[in-house]
>>> print(open('model-v1.txt').read())   # compact mmCIF, C-alpha atoms
# COMPACT_ATOMS: atom_id res chain seq x y z
CA MET P 1 -12.45 47.24 -173.13
CA GLY P 2 -8.77 46.61 -172.38
CA GLN P 3 -6.78 47.13 -169.21
CA VAL P 4 -7.88 50.20 -167.25
CA ILE P 5 -5.32 51.99 -165.07
CA ALA P 6 -6.59 53.71 -161.92
CA GLY P 7 -10.11 53.75 -163.33
CA ARG P 8 -9.09 56.42 -165.84
CA PHE P 9 -7.03 55.20 -168.80
CA ASP P 10 -8.47 52.35 -170.86
CA LEU P 11 -5.54 50.91 -172.83
CA LEU P 12 -6.71 50.03 -176.34
CA GLU P 13 -3.66 49.14 -178.45
CA PRO P 14 0.13 49.54 -178.14
CA LEU P 15 1.79 52.26 -180.20
CA ALA P 16 5.46 51.94 -179.29
CA GLY P 17 7.76 50.52 -176.66
CA GLY P 18 11.11 51.55 -175.27
CA GLY P 19 13.30 52.02 -172.23
CA GLN P 20 11.02 54.74 -170.84
CA GLY P 21 7.84 52.61 -170.98
CA THR P 22 5.18 51.47 -173.44
CA VAL P 23 2.99 53.99 -175.27
CA TRP P 24 -0.64 53.00 -175.87
CA VAL P 25 -3.61 54.37 -177.73
CA ALA P 26 -5.98 54.82 -174.80
CA ARG P 27 -9.30 56.33 -173.84
CA ASP P 28 -9.28 58.90 -171.07
CA LEU P 29 -12.48 57.96 -169.26
CA ARG P 30 -12.49 61.20 -167.28
CA ARG P 31 -12.32 63.42 -170.38
CA GLN P 32 -14.13 60.94 -172.65
CA GLN P 33 -11.53 61.27 -175.40
CA ARG P 34 -8.76 59.23 -176.95
CA CYS P 35 -5.18 59.96 -175.91
CA ALA P 36 -1.70 58.49 -175.94
CA ALA P 37 -0.79 56.93 -172.59
CA LYS P 38 2.78 56.05 -171.60
CA VAL P 39 2.80 53.22 -169.05
CA LEU P 40 5.66 52.29 -166.74
CA ARG P 41 5.94 49.56 -164.13
CA GLN P 42 6.92 51.05 -160.77
CA SER P 43 9.94 48.79 -160.25
CA ASP P 44 12.91 50.90 -161.41
CA SER P 45 13.28 53.83 -159.01
CA ALA P 46 15.53 55.86 -161.36
CA ALA P 47 13.13 55.36 -164.28
CA LEU P 48 10.21 56.30 -162.02
CA LEU P 49 11.93 59.54 -161.04
CA ARG P 50 12.36 60.43 -164.71
CA PHE P 51 8.73 59.46 -165.32
CA VAL P 52 7.53 61.75 -162.53
CA ARG P 53 9.64 64.56 -163.96
CA GLU P 54 8.20 63.97 -167.44
CA GLN P 55 4.61 64.36 -166.28
CA GLY P 56 5.59 67.78 -164.93
CA VAL P 57 6.29 69.07 -168.46
CA GLN P 58 2.72 70.33 -168.86
CA VAL P 59 3.37 73.13 -171.36
CA ASP P 60 0.26 73.68 -173.47
CA HIS P 61 1.32 74.71 -176.97
CA PRO P 62 0.07 73.81 -180.48
CA HIS P 63 3.52 72.53 -181.49
CA LEU P 64 4.14 70.40 -178.39
CA ALA P 65 2.66 67.05 -177.42
CA SER P 66 3.13 67.53 -173.69
CA PRO P 67 1.67 65.40 -170.88
CA TYR P 68 -1.61 66.70 -169.48
CA GLY P 69 -2.37 64.22 -166.68
CA TRP P 70 -1.38 61.00 -164.96
CA ALA P 71 -2.73 58.15 -162.86
CA ALA P 72 -1.14 55.36 -160.80
CA GLU P 73 -2.36 52.04 -159.52
CA ASP P 74 -0.52 49.19 -157.77
CA HIS P 75 2.69 48.59 -159.77
CA GLU P 76 1.89 50.77 -162.80
CA VAL P 77 1.74 54.47 -163.58
CA ALA P 78 0.47 56.15 -166.76
CA ILE P 79 1.02 59.60 -168.25
CA ALA P 80 -1.50 60.94 -170.78
CA MET P 81 -0.59 63.04 -173.82
CA PRO P 82 -2.50 64.21 -176.89
CA LEU P 83 -2.90 61.48 -179.47
CA VAL P 84 -1.07 62.68 -182.60
CA ALA P 85 -2.04 60.16 -185.26
CA GLY P 86 -0.10 61.22 -188.37
CA GLY P 87 3.17 59.42 -187.60
CA SER P 88 6.58 61.01 -187.05
CA LEU P 89 8.96 62.89 -189.31
CA GLU P 90 11.16 59.80 -189.23
CA ASP P 91 8.21 57.84 -190.68
CA ALA P 92 7.74 60.53 -193.33
CA LEU P 93 11.39 60.24 -194.35
CA ALA P 94 11.08 56.47 -194.65
CA ASP P 95 7.94 56.82 -196.78
CA HIS P 96 8.79 59.79 -198.99
CA GLY P 97 12.53 60.45 -198.81
CA ALA P 98 14.14 63.86 -198.27
CA LEU P 99 11.76 66.78 -197.95
CA SER P 100 11.83 70.00 -199.99
CA GLU P 101 13.60 73.03 -198.55
CA PRO P 102 10.36 75.07 -198.14
CA LEU P 103 8.74 72.16 -196.29
CA VAL P 104 11.77 71.70 -194.04
CA ALA P 105 11.74 75.44 -193.24
CA HIS P 106 8.00 75.26 -192.45
CA LEU P 107 8.50 72.33 -190.07
CA LEU P 108 11.63 73.80 -188.47
CA LEU P 109 9.77 77.01 -187.60
CA GLN P 110 7.09 74.94 -185.86
CA ILE P 111 9.68 72.94 -183.93
CA LEU P 112 11.42 76.15 -182.85
CA ASP P 113 8.09 77.66 -181.85
CA GLY P 114 7.41 74.68 -179.59
CA LEU P 115 10.94 74.79 -178.16
CA SER P 116 10.56 78.50 -177.43
CA ALA P 117 7.53 77.76 -175.23
CA LEU P 118 9.30 74.84 -173.55
CA HIS P 119 12.41 76.92 -172.83
CA ALA P 120 10.33 79.85 -171.56
CA ASP P 121 8.87 77.48 -168.95
CA GLY P 122 12.38 76.46 -167.86
CA TRP P 123 12.62 73.08 -169.62
CA VAL P 124 15.23 71.58 -171.95
CA HIS P 125 13.94 68.74 -174.15
CA ARG P 126 17.30 66.95 -174.67
CA ASP P 127 16.11 64.59 -177.42
CA VAL P 128 14.97 66.62 -180.42
CA LYS P 129 15.08 64.40 -183.53
CA PRO P 130 12.75 63.43 -186.41
CA ALA P 131 11.41 60.38 -184.55
CA ASN P 132 10.18 62.67 -181.74
CA VAL P 133 8.44 65.17 -184.02
CA LEU P 134 4.86 63.98 -184.58
CA LEU P 135 2.49 65.04 -187.34
CA GLU P 136 -1.18 65.80 -187.06
CA PRO P 137 -3.21 64.18 -189.87
CA THR P 138 -4.05 67.22 -192.03
CA GLY P 139 -4.82 65.53 -195.35
CA THR P 140 -3.78 67.86 -198.15
CA GLY P 141 -3.37 70.81 -195.79
CA ALA P 142 -0.08 72.25 -194.55
CA PRO P 143 1.71 69.90 -192.11
CA HIS P 144 1.27 70.53 -188.40
CA ALA P 145 4.15 69.26 -186.25
CA ARG P 146 4.24 68.60 -182.51
CA LEU P 147 7.44 67.91 -180.59
CA GLY P 148 6.79 64.97 -178.27
CA ASP P 149 8.50 62.43 -176.01
CA MET P 150 9.49 64.47 -172.97
CA GLY P 151 11.11 61.46 -171.31
CA LEU P 152 14.56 63.08 -171.14
CA ALA P 153 13.36 66.64 -170.49
CA MET P 154 14.62 68.42 -167.41
CA ARG P 155 14.48 71.87 -165.91
CA VAL P 156 17.61 73.97 -166.24
CA SER P 157 17.41 74.55 -162.50
CA ASP P 158 17.08 70.85 -161.58
CA ALA P 159 19.82 68.81 -160.01
CA ARG P 160 20.89 66.00 -162.30
CA LEU P 161 19.08 62.70 -161.93
CA THR P 162 21.54 61.00 -164.26
CA GLN P 163 25.07 59.77 -163.85
CA LEU P 164 27.98 61.90 -164.95
CA GLY P 165 29.67 60.56 -168.05
CA LEU P 166 26.45 58.92 -169.32
CA LEU P 167 25.30 60.41 -172.62
CA HIS P 168 21.60 61.26 -172.87
CA GLY P 169 20.03 61.98 -176.22
CA THR P 170 20.53 60.43 -179.64
CA PRO P 171 23.97 60.28 -181.29
CA GLY P 172 24.09 62.63 -184.25
CA PHE P 173 21.71 65.08 -182.59
CA VAL P 174 23.55 65.74 -179.31
CA ALA P 175 25.37 69.08 -179.10
CA PRO P 176 29.15 68.81 -178.59
CA GLU P 177 28.99 70.47 -175.17
CA ALA P 178 26.30 68.02 -174.05
CA ALA P 179 28.42 65.10 -175.24
CA ALA P 180 31.27 66.58 -173.19
CA GLY P 181 29.11 66.52 -170.05
CA ALA P 182 27.81 70.10 -169.89
CA HIS P 183 24.65 70.78 -167.90
CA PRO P 184 21.51 70.83 -170.11
CA ALA P 185 20.82 74.21 -171.73
CA PRO P 186 18.36 75.51 -174.36
CA ALA P 187 21.15 75.97 -176.91
CA GLN P 188 21.58 72.20 -177.01
CA ASP P 189 17.97 71.81 -178.21
CA LEU P 190 18.60 74.41 -180.91
CA PHE P 191 21.62 72.41 -182.12
CA ALA P 192 19.45 69.27 -182.27
CA ALA P 193 16.72 71.18 -184.15
CA GLY P 194 19.32 72.22 -186.72
CA ARG P 195 20.54 68.65 -187.09
CA THR P 196 16.91 67.56 -187.47
CA ALA P 197 16.42 70.03 -190.33
CA LEU P 198 19.60 68.74 -191.95
CA ARG P 199 18.40 65.15 -191.70
CA LEU P 200 15.04 66.09 -193.21
CA SER P 201 16.88 67.61 -196.17
CA LEU P 202 19.59 65.01 -196.67
CA ILE P 203 18.26 61.90 -194.85
CA HIS P 204 21.76 60.61 -194.00
CA ILE P 205 23.78 62.45 -191.34
>>> encode(input="model-v1.txt", output="structure tokens")
Amino acid sequence: MGQVIAGRFDLLEPLAGGGQGTVWVARDLRRQQRCAAKVLRQSDSAALLRFVREQGVQVDHPHLASPYGWAAEDHEVAIAMPLVAGGSLEDALADHGALSEPLVAHLLLQILDGLSALHADGWVHRDVKPANVLLEPTGTGAPHARLGDMGLAMRVSDARLTQLGLLHGTPGFVAPEAAAGAHPAPAQDLFAAGRTALRLSLIHI
């Protein structure tokens, strides 16, 4: 058994690290199932505010990997999400190169389906890109994509928690109006989804 946070999330092995925290393969001891747990130290108040906002994106949809619970203890807080073990579309590009047009269309429809549910609940993702689209392991079956990493998501109605003039998102996928400082809007996610489809087809954009 590894480190257990708040008696609930048993951290088994690290998956990825970044500015928003470290993602672990974990066991949810309450649900008795494996999950992905993002862990953040409660030292950066701005990062903690974003973390609290992220755990609020609990939109249950087959093409989203949204948080479903959280726990906090001492100086650490963890958010649990479904464990999607097939890698990302960015990994698929690195392994196989550009995808066929029918496959790109299939995946784009799934991404848009997930975004539709997210937008209907009042959220804007703000960081749609191949690295944030995860794949369920389906073997030889049709690919099943889930849009994950809600770390930059915010409600359209929310006041900004970020500084004006500071670009959020990934260059190459940020809509021009977002780069110019416009308030987050669903159309910006649709632009990023289109750029994602282009990258899947051409690799270099």
>>> atom_distance(input="model-v1.txt", atom1="CA of Gly172 (chain P)", atom2="CA of Arg195 (chain P)")
7.5 Å
>>> atom_distance(input="model-v1.txt", atom1="CA of Arg155 (chain P)", atom2="CA of His75 (chain P)")
26.8 Å
>>> closest_residue(input="model-v1.txt", among="P:Pro62, P:Pro82, P:Gly97, P:Gly7", to="Ala37 (chain P)", atoms="all atoms listed in the file")
P:Pro82
>>> closest_residue(input="model-v1.txt", among="P:Met154, P:Met81, P:Ala197, P:Ala65", to="Leu108 (chain P)", atoms="all atoms listed in the file")
P:Ala197
>>> atom_distance(input="model-v1.txt", atom1="CA of Val156 (chain P)", atom2="CA of Gly122 (chain P)")
6.0 Å
>>> residues_around(input="model-v1.txt", residues="Leu198 (chain P)", least_positions_apart="2", cutoff="12 Å", atoms="all atoms listed in the file", output="PyMOL selection string")
chain P and resi 98-101+104-105+107-108+129-130+172-173+191-196+200-205
>>> residues_near_point(input="model-v1.txt", point="(-12.6, 59.5, -169.8)", cutoff="12 Å", atoms="all atoms listed in the file", output="ChimeraX atom specification")
/P:4-11,26-35,69,80
>>> closest_residue(input="model-v1.txt", among="P:Val124, P:Ala178, P:Leu115, P:Ala187", to="Asp158 (chain P)", atoms="only C-alpha atoms")
P:Val124
>>> closest_residue(input="model-v1.txt", among="P:Ile111, P:His63, P:Gln188, P:Gly86", to="Gly139 (chain P)", atoms="all atoms listed in the file")
P:Gly86
>>> closest_residue(input="model-v1.txt", among="P:Leu134, P:Met150, P:Ala175, P:Ala142", to="Ala85 (chain P)", atoms="all atoms listed in the file")
P:Leu134
>>> axis_aligned_box(input="model-v1.txt", around="region 144-158 of chain P", padding_each_side="4 Å", output="AutoDock Vina command-line options")
--center_x 9.4 --center_y 68.0 --center_z -175.0 --size_x 24.3 --size_y 21.1 --size_z 34.8
